[in-house]
Every structure is written in C-alpha cells, then in structure tokens.
file coords.cif (mmCIF, C-alpha atoms)
data_structure
loop_
_atom_site.label_atom_id
_atom_site.label_comp_id
_atom_site.auth_asym_id
_atom_site.auth_seq_id
_atom_site.Cartn_x
_atom_site.Cartn_y
_atom_site.Cartn_z
CA MET A 957 -80.60 -31.72 -50.18
CA THR A 958 -76.91 -32.49 -49.89
CA GLU A 959 -74.38 -32.02 -52.64
CA THR A 960 -73.36 -35.11 -54.61
CA VAL A 961 -69.66 -35.88 -54.18
CA VAL A 962 -67.75 -37.82 -56.82
CA CYS A 963 -64.82 -39.92 -55.67
CA VAL A 964 -62.32 -41.94 -57.67
CA GLY A 965 -60.41 -45.06 -56.77
CA ALA A 966 -57.81 -47.25 -58.43
CA VAL A 967 -56.93 -50.89 -58.43
CA VAL A 968 -53.27 -50.54 -59.39
CA ARG A 969 -51.66 -53.72 -60.68
CA GLN A 970 -48.00 -54.61 -60.81
CA ALA A 971 -47.43 -58.10 -62.25
CA HIS A 972 -49.73 -60.37 -60.17
CA SER A 973 -50.20 -57.97 -57.26
CA ALA A 974 -52.39 -55.00 -56.35
CA LEU A 975 -51.54 -51.82 -54.48
CA LEU A 976 -53.25 -51.18 -51.15
CA VAL A 977 -52.92 -48.36 -48.64
CA ARG A 978 -53.84 -48.41 -44.94
CA GLN A 979 -55.90 -45.45 -43.75
CA SER A 980 -54.32 -43.37 -40.97
CA ALA A 981 -55.64 -42.58 -37.50
CA GLY A 982 -58.49 -40.10 -37.63
CA HIS A 983 -59.71 -41.25 -41.04
CA SER A 984 -63.26 -42.69 -41.22
CA LEU A 985 -61.67 -46.00 -42.32
CA GLU A 986 -58.83 -45.84 -39.78
CA GLY A 987 -56.64 -48.95 -39.78
CA GLN A 988 -58.30 -50.47 -42.84
CA TRP A 989 -56.55 -51.44 -46.06
CA THR A 990 -58.17 -49.88 -49.14
CA ILE A 991 -57.42 -49.06 -52.73
CA PRO A 992 -56.09 -45.51 -53.17
CA TRP A 993 -59.09 -43.23 -53.50
CA GLY A 994 -60.38 -39.72 -52.87
CA GLN A 995 -62.55 -36.87 -54.05
CA ILE A 996 -62.26 -35.14 -57.39
CA ASP A 997 -61.05 -31.56 -56.94
CA GLN A 998 -62.86 -28.64 -58.56
CA GLY A 999 -61.96 -28.47 -62.27
CA GLU A 1000 -60.19 -31.84 -62.22
CA SER A 1001 -61.12 -34.73 -64.51
CA PRO A 1002 -61.74 -38.19 -63.04
CA THR A 1003 -58.62 -39.63 -64.71
CA GLU A 1004 -56.46 -36.75 -63.47
CA ALA A 1005 -57.90 -37.18 -59.99
CA VAL A 1006 -57.32 -40.91 -59.76
CA LEU A 1007 -53.69 -40.62 -60.83
CA ARG A 1008 -53.16 -37.78 -58.33
CA GLU A 1009 -54.76 -39.77 -55.52
CA VAL A 1010 -52.63 -42.85 -56.27
CA GLU A 1011 -49.44 -40.78 -56.20
CA GLU A 1012 -50.43 -38.76 -53.11
CA GLU A 1013 -51.49 -41.74 -51.01
CA SER A 1014 -48.86 -44.26 -52.09
CA GLY A 1015 -45.99 -42.54 -53.91
CA VAL A 1016 -46.70 -44.70 -56.98
CA ILE A 1017 -47.03 -43.26 -60.47
CA ALA A 1018 -49.65 -45.13 -62.48
CA ARG A 1019 -51.47 -44.99 -65.80
CA VAL A 1020 -55.16 -45.65 -66.37
CA GLU A 1021 -55.92 -48.85 -68.30
CA GLY A 1022 -59.70 -48.57 -68.22
CA LEU A 1023 -62.87 -48.19 -66.22
CA LEU A 1024 -63.77 -50.98 -63.79
CA GLY A 1025 -67.07 -49.54 -62.65
CA VAL A 1026 -69.19 -47.04 -60.76
CA GLN A 1027 -70.49 -47.54 -57.23
CA GLU A 1028 -73.21 -45.59 -55.42
CA LEU A 1029 -71.89 -45.55 -51.87
CA PRO A 1030 -74.06 -46.55 -48.89
CA GLU A 1031 -74.35 -44.92 -45.43
CA PRO A 1032 -72.39 -43.16 -44.03
CA TRP A 1033 -71.32 -41.93 -47.50
CA LEU A 1034 -74.83 -41.72 -48.98
CA GLY A 1035 -74.82 -39.23 -51.86
CA MET A 1036 -71.27 -40.10 -52.85
CA ILE A 1037 -70.42 -41.84 -56.10
CA GLY A 1038 -67.24 -43.81 -56.64
CA ILE A 1039 -65.67 -44.20 -60.09
CA VAL A 1040 -63.13 -47.02 -60.04
CA PHE A 1041 -60.33 -47.40 -62.57
CA LEU A 1042 -57.92 -50.20 -63.32
CA CYS A 1043 -54.41 -48.78 -63.41
CA ALA A 1044 -50.94 -50.12 -64.14
CA HIS A 1045 -47.83 -49.37 -62.11
CA VAL A 1046 -45.46 -47.08 -64.04
CA ASP A 1047 -42.87 -45.98 -61.47
CA GLY A 1048 -42.17 -45.47 -57.80
CA LYS A 1049 -41.96 -47.58 -54.68
CA PRO A 1050 -45.04 -47.73 -52.42
CA ALA A 1051 -44.73 -45.34 -49.49
CA PRO A 1052 -47.53 -43.86 -47.36
CA ASP A 1053 -48.06 -40.10 -47.23
CA MET A 1054 -48.25 -40.32 -43.38
CA ARG A 1055 -51.30 -38.03 -43.36
CA GLU A 1056 -54.11 -40.00 -44.97
CA THR A 1057 -52.22 -43.30 -45.15
CA ASP A 1058 -49.76 -44.94 -42.77
CA ALA A 1059 -48.78 -47.94 -44.93
CA ALA A 1060 -48.66 -48.76 -48.64
CA ARG A 1061 -47.63 -51.95 -50.40
CA TYR A 1062 -48.43 -54.45 -53.11
CA PHE A 1063 -50.24 -57.67 -52.18
CA VAL A 1064 -50.54 -60.89 -54.16
CA ARG A 1065 -53.84 -62.77 -54.01
CA ASP A 1066 -52.64 -65.33 -51.43
CA GLU A 1067 -51.75 -62.54 -48.97
CA LEU A 1068 -55.23 -60.99 -48.91
CA ALA A 1069 -56.50 -63.48 -46.33
CA ASP A 1070 -53.84 -62.17 -43.92
CA ILE A 1071 -55.51 -58.73 -43.86
CA ALA A 1072 -59.14 -59.89 -44.14
CA ASN A 1073 -60.16 -58.40 -40.76
CA SER A 1074 -58.79 -54.98 -41.72
CA PHE A 1075 -59.67 -54.92 -45.43
CA GLU A 1076 -62.43 -52.48 -46.39
CA PRO A 1077 -65.21 -54.59 -48.02
CA LEU A 1078 -65.59 -52.80 -51.39
CA SER A 1079 -61.82 -52.68 -51.87
CA ALA A 1080 -61.54 -56.36 -50.89
CA TRP A 1081 -64.22 -57.36 -53.38
CA MET A 1082 -62.71 -55.36 -56.26
CA VAL A 1083 -59.09 -56.34 -55.64
CA GLY A 1084 -60.06 -59.98 -55.18
CA ARG A 1085 -61.87 -60.01 -58.50
CA VAL A 1086 -59.08 -58.22 -60.37
CA LEU A 1087 -56.39 -60.54 -59.00
CA ALA A 1088 -58.59 -63.53 -59.92
CA ASN A 1089 -59.00 -62.04 -63.41
CA ASP A 1090 -62.79 -62.03 -62.85
CA PHE A 1091 -63.82 -58.60 -64.11
CA SER A 1092 -64.88 -56.68 -67.19
CA LEU A 1093 -63.00 -53.59 -68.25
CA LEU A 1094 -64.21 -50.69 -70.34
CA GLN A 1095 -61.17 -49.41 -72.20
CA THR A 1096 -60.94 -45.98 -73.73
CA ASN A 1097 -62.51 -45.59 -77.14
CA ASP A 1098 -60.67 -43.04 -79.27
CA SER A 1099 -63.59 -42.71 -81.69
CA GLY A 1100 -65.51 -40.59 -79.17
CA PRO A 1101 -66.32 -37.01 -80.17
CA PHE A 1102 -64.27 -35.43 -77.36
CA THR A 1103 -60.88 -37.09 -77.94
CA PRO A 1104 -58.33 -36.76 -76.31
CA SER A 1105 -60.68 -36.78 -73.31
CA PRO A 1106 -61.29 -40.46 -72.56
CA THR A 1107 -64.53 -42.10 -73.63
CA TYR A 1108 -65.38 -45.50 -72.13
CA LEU A 1109 -67.78 -47.42 -74.34
#

call {"tool": "encode", "arguments": {"input": "coords.cif", "output": "structure tokens"}}
result
Amino acid sequence: MTETVVCVGAVVRQAHSALLVRQSAGHSLEGQWTIPWGQIDQGESPTEAVLREVEEESGVIARVEGLLGVQELPEPWLGMIGIVFLCAHVDGKPAPDMRETDAARYFVRDELADIANSFEPLSAWMVGRVLANDFSLLQTNDSGPFTPSPTYL
C-alpha cells in the first residue's frame, strides 16, 4: 500500500483574472500552465501550505477566501488528493521561481484559449469556471469548535 499524499492548489484572482504558472523542464507537467499547487509539508496546515506554494511558485502573496473543492487525482497520481482553495491577490508581481516554474502571470478569460494546448486539464476546468463565476465556494465558518483554525461548512 502506498502512502496517501495531500496536495493543495489555488485559483488566485486579481480583478477579472486568474494566476497561472508554467511548469519547468523536468517537472511531470513540463511546459503546461497550471494553478500554483504542491504537497503539504509535515506539520503544515492546508491553508498555510497553499499560501506558501502560491508565493514560492509565483512570487504572489495571497489570502484564502474559501474552499473550492477536493479532487481525488487519477493516474499517474493515484493515491494523491488535491484540496483547492479560492484565493485573492494581496501583494506582489507574478514571477516564476525558475526551479518548479518558468513563467507566471495573470490571465483574463478571453486569453485562456491562447494557451489551450498547454493548459493542464484540471486547472483549465477550475480556472474557466471561476472566471465565468460558475462555482460554489465554502467560506470559513467561525462557529466551528477549533477556531481560529478554519472550518468550511
């Protein structure tokens, strides 16, 4: 049995655009545009991890607005779970880290067709829906028993 790996990703909005990063050479998604994402480190919460990943991969500082959803990933990532958050741009100008990502920028909905052949399918689906305002969001609920840890209900 393999260990379950939990990943986090973020659709980061700024006005009517969404942040995308292009995965660097050697990455399993090399050359593809994706949302910022990565694995949760030992002892790290999902919200801490997603904000770290956004900043590491794009140079952007964001804040979590809510939970978009959870995705069980297919082959070749079977056994991995993705938790996806909607985030808002707080500060910073998109810049790749030049290790995991070689490009980072905001795209408006009309520009997504220009990268369709190099847009990772799950990221394309999520970003398309968010930019079309066709999604449901679970916001934090401060009445949960473990506040200030976020509860999404």

call {"tool": "resolve_selection", "arguments": {"input": "coords.cif", "expression": "the PyMOL selection byres ((chain A and resi 1039) around 7)", "output": "MDAnalysis selection string"}}
result
chainID A and resid 963:965 1025:1027 1037:1038 1040:1041

call {"tool": "resolve_selection", "arguments": {"input": "coords.cif", "expression": "the PyMOL selection byres ((chain A and resi 980) around 6)", "output": "list of chain:residue names"}}
result
A:Gln979, A:Ala981, A:His983, A:Glu986, A:Glu1056, A:Thr1057, A:Asp1058

call {"tool": "residues_around", "arguments": {"input": "coords.cif", "residues": "Ala1005 in chain A", "least_positions_apart": "5", "cutoff": "12 Å", "atoms": "all atoms listed in the file", "output": "VMD selection string"}}
result
chain A and resid 962 to 966 992 to 1000 1010 to 1013 1018 to 1020 1038 to 1041

call {"tool": "atom_distance", "arguments": {"input": "coords.cif", "atom1": "CA of Met1082 in chain A", "atom2": "CA of Val967 in chain A"}}
result
7.6 Å

call {"tool": "residues_near_point", "arguments": {"input": "coords.cif", "point": "(-76.1, -32.4, -50.5)", "cutoff": "12 Å", "atoms": "all atoms listed in the file", "output": "MDAnalysis selection string"}}
result
chainID A and resid 957:962 1033:1036

call {"tool": "closest_residue", "arguments": {"input": "coords.cif", "among": "A:Leu1068, A:His972, A:Asp1053, A:Leu1029", "to": "Glu1009 in chain A", "atoms": "only C-alpha atoms"}}
result
A:Asp1053

call {"tool": "residues_around", "arguments": {"input": "coords.cif", "residues": "range 1071-1076 of chain A", "least_positions_apart": "4", "cutoff": "12 Å", "atoms": "only C-alpha atoms", "output": "MDAnalysis selection string"}}
result
chainID A and resid 976:979 984:992 1063:1067 1080:1084

call {"tool": "build_atoms", "arguments": {"input": "coords.cif", "residues": "range 1014-1025 of chain A", "atoms": "all heavy atoms", "output": "PDB file, keeping the file's coordinate frame"}}
result
ATOM      1  N   SER A1014     -49.769 -43.105 -52.078  1.00  0.00           N
ATOM      2  CA  SER A1014     -48.860 -44.260 -52.090  1.00  0.00           C
ATOM      3  C   SER A1014     -47.475 -43.984 -52.657  1.00  0.00           C
ATOM      4  O   SER A1014     -46.613 -44.844 -52.580  1.00  0.00           O
ATOM      5  CB  SER A1014     -49.486 -45.388 -52.914  1.00  0.00           C
ATOM      6  OG  SER A1014     -49.453 -45.057 -54.296  1.00  0.00           O
ATOM      7  N   GLY A1015     -47.268 -42.824 -53.282  1.00  0.00           N
ATOM      8  CA  GLY A1015     -45.990 -42.540 -53.910  1.00  0.00           C
ATOM      9  C   GLY A1015     -45.785 -43.223 -55.247  1.00  0.00           C
ATOM     10  O   GLY A1015     -44.729 -43.106 -55.857  1.00  0.00           O
ATOM     11  N   VAL A1016     -46.798 -43.952 -55.721  1.00  0.00           N
ATOM     12  CA  VAL A1016     -46.700 -44.700 -56.980  1.00  0.00           C
ATOM     13  C   VAL A1016     -47.247 -43.858 -58.125  1.00  0.00           C
ATOM     14  O   VAL A1016     -48.282 -43.209 -57.995  1.00  0.00           O
ATOM     15  CB  VAL A1016     -47.479 -46.036 -56.869  1.00  0.00           C
ATOM     16  CG1 VAL A1016     -47.675 -46.696 -58.222  1.00  0.00           C
ATOM     17  CG2 VAL A1016     -46.769 -46.978 -55.906  1.00  0.00           C
ATOM     18  N   ILE A1017     -46.546 -43.892 -59.240  1.00  0.00           N
ATOM     19  CA  ILE A1017     -47.030 -43.260 -60.470  1.00  0.00           C
ATOM     20  C   ILE A1017     -47.675 -44.369 -61.296  1.00  0.00           C
ATOM     21  O   ILE A1017     -47.091 -45.448 -61.478  1.00  0.00           O
ATOM     22  CB  ILE A1017     -45.888 -42.582 -61.234  1.00  0.00           C
ATOM     23  CG1 ILE A1017     -45.315 -41.452 -60.372  1.00  0.00           C
ATOM     24  CG2 ILE A1017     -46.371 -42.057 -62.583  1.00  0.00           C
ATOM     25  CD1 ILE A1017     -44.035 -40.862 -60.890  1.00  0.00           C
ATOM     26  N   ALA A1018     -48.880 -44.113 -61.758  1.00  0.00           N
ATOM     27  CA  ALA A1018     -49.650 -45.130 -62.480  1.00  0.00           C
ATOM     28  C   ALA A1018     -50.195 -44.550 -63.781  1.00  0.00           C
ATOM     29  O   ALA A1018     -50.125 -43.341 -64.013  1.00  0.00           O
ATOM     30  CB  ALA A1018     -50.809 -45.623 -61.610  1.00  0.00           C
ATOM     31  N   ARG A1019     -50.748 -45.428 -64.604  1.00  0.00           N
ATOM     32  CA  ARG A1019     -51.470 -44.990 -65.800  1.00  0.00           C
ATOM     33  C   ARG A1019     -52.808 -45.734 -65.816  1.00  0.00           C
ATOM     34  O   ARG A1019     -52.898 -46.889 -65.385  1.00  0.00           O
ATOM     35  CB  ARG A1019     -50.680 -45.227 -67.075  1.00  0.00           C
ATOM     36  CG  ARG A1019     -50.673 -46.613 -67.598  1.00  0.00           C
ATOM     37  CD  ARG A1019     -50.044 -46.726 -69.010  1.00  0.00           C
ATOM     38  NE  ARG A1019     -50.080 -48.104 -69.419  1.00  0.00           N
ATOM     39  CZ  ARG A1019     -49.279 -49.054 -68.999  1.00  0.00           C
ATOM     40  NH1 ARG A1019     -48.315 -48.767 -68.144  1.00  0.00           N
ATOM     41  NH2 ARG A1019     -49.412 -50.300 -69.409  1.00  0.00           N
ATOM     42  N   VAL A1020     -53.828 -45.068 -66.310  1.00  0.00           N
ATOM     43  CA  VAL A1020     -55.160 -45.650 -66.370  1.00  0.00           C
ATOM     44  C   VAL A1020     -55.227 -46.632 -67.544  1.00  0.00           C
ATOM     45  O   VAL A1020     -54.846 -46.301 -68.661  1.00  0.00           O
ATOM     46  CB  VAL A1020     -56.241 -44.556 -66.526  1.00  0.00           C
ATOM     47  CG1 VAL A1020     -57.611 -45.167 -66.780  1.00  0.00           C
ATOM     48  CG2 VAL A1020     -56.269 -43.667 -65.288  1.00  0.00           C
ATOM     49  N   GLU A1021     -55.710 -47.843 -67.259  1.00  0.00           N
ATOM     50  CA  GLU A1021     -55.920 -48.850 -68.300  1.00  0.00           C
ATOM     51  C   GLU A1021     -57.365 -48.921 -68.745  1.00  0.00           C
ATOM     52  O   GLU A1021     -57.655 -49.355 -69.847  1.00  0.00           O
ATOM     53  CB  GLU A1021     -55.468 -50.229 -67.805  1.00  0.00           C
ATOM     54  CG  GLU A1021     -53.975 -50.326 -67.595  1.00  0.00           C
ATOM     55  CD  GLU A1021     -53.524 -51.745 -67.312  1.00  0.00           C
ATOM     56  OE1 GLU A1021     -54.245 -52.483 -66.582  1.00  0.00           O
ATOM     57  OE2 GLU A1021     -52.462 -52.111 -67.822  1.00  0.00           O
ATOM     58  N   GLY A1022     -58.289 -48.535 -67.865  1.00  0.00           N
ATOM     59  CA  GLY A1022     -59.700 -48.570 -68.220  1.00  0.00           C
ATOM     60  C   GLY A1022     -60.580 -48.364 -67.001  1.00  0.00           C
ATOM     61  O   GLY A1022     -60.106 -48.182 -65.889  1.00  0.00           O
ATOM     62  N   LEU A1023     -61.867 -48.403 -67.258  1.00  0.00           N
ATOM     63  CA  LEU A1023     -62.870 -48.190 -66.220  1.00  0.00           C
ATOM     64  C   LEU A1023     -63.375 -49.530 -65.714  1.00  0.00           C
ATOM     65  O   LEU A1023     -63.857 -50.354 -66.494  1.00  0.00           O
ATOM     66  CB  LEU A1023     -64.040 -47.377 -66.800  1.00  0.00           C
ATOM     67  CG  LEU A1023     -65.203 -47.076 -65.887  1.00  0.00           C
ATOM     68  CD1 LEU A1023     -64.775 -46.154 -64.750  1.00  0.00           C
ATOM     69  CD2 LEU A1023     -66.334 -46.429 -66.684  1.00  0.00           C
ATOM     70  N   LEU A1024     -63.247 -49.752 -64.404  1.00  0.00           N
ATOM     71  CA  LEU A1024     -63.770 -50.980 -63.790  1.00  0.00           C
ATOM     72  C   LEU A1024     -65.253 -50.840 -63.477  1.00  0.00           C
ATOM     73  O   LEU A1024     -66.015 -51.775 -63.664  1.00  0.00           O
ATOM     74  CB  LEU A1024     -63.016 -51.308 -62.505  1.00  0.00           C
ATOM     75  CG  LEU A1024     -61.671 -51.977 -62.665  1.00  0.00           C
ATOM     76  CD1 LEU A1024     -60.950 -52.055 -61.322  1.00  0.00           C
ATOM     77  CD2 LEU A1024     -61.833 -53.368 -63.262  1.00  0.00           C
ATOM     78  N   GLY A1025     -65.667 -49.678 -62.973  1.00  0.00           N
ATOM     79  CA  GLY A1025     -67.070 -49.540 -62.650  1.00  0.00           C
ATOM     80  C   GLY A1025     -67.388 -48.286 -61.856  1.00  0.00           C
ATOM     81  O   GLY A1025     -66.516 -47.469 -61.558  1.00  0.00           O
TER      82      GLY A1025
END
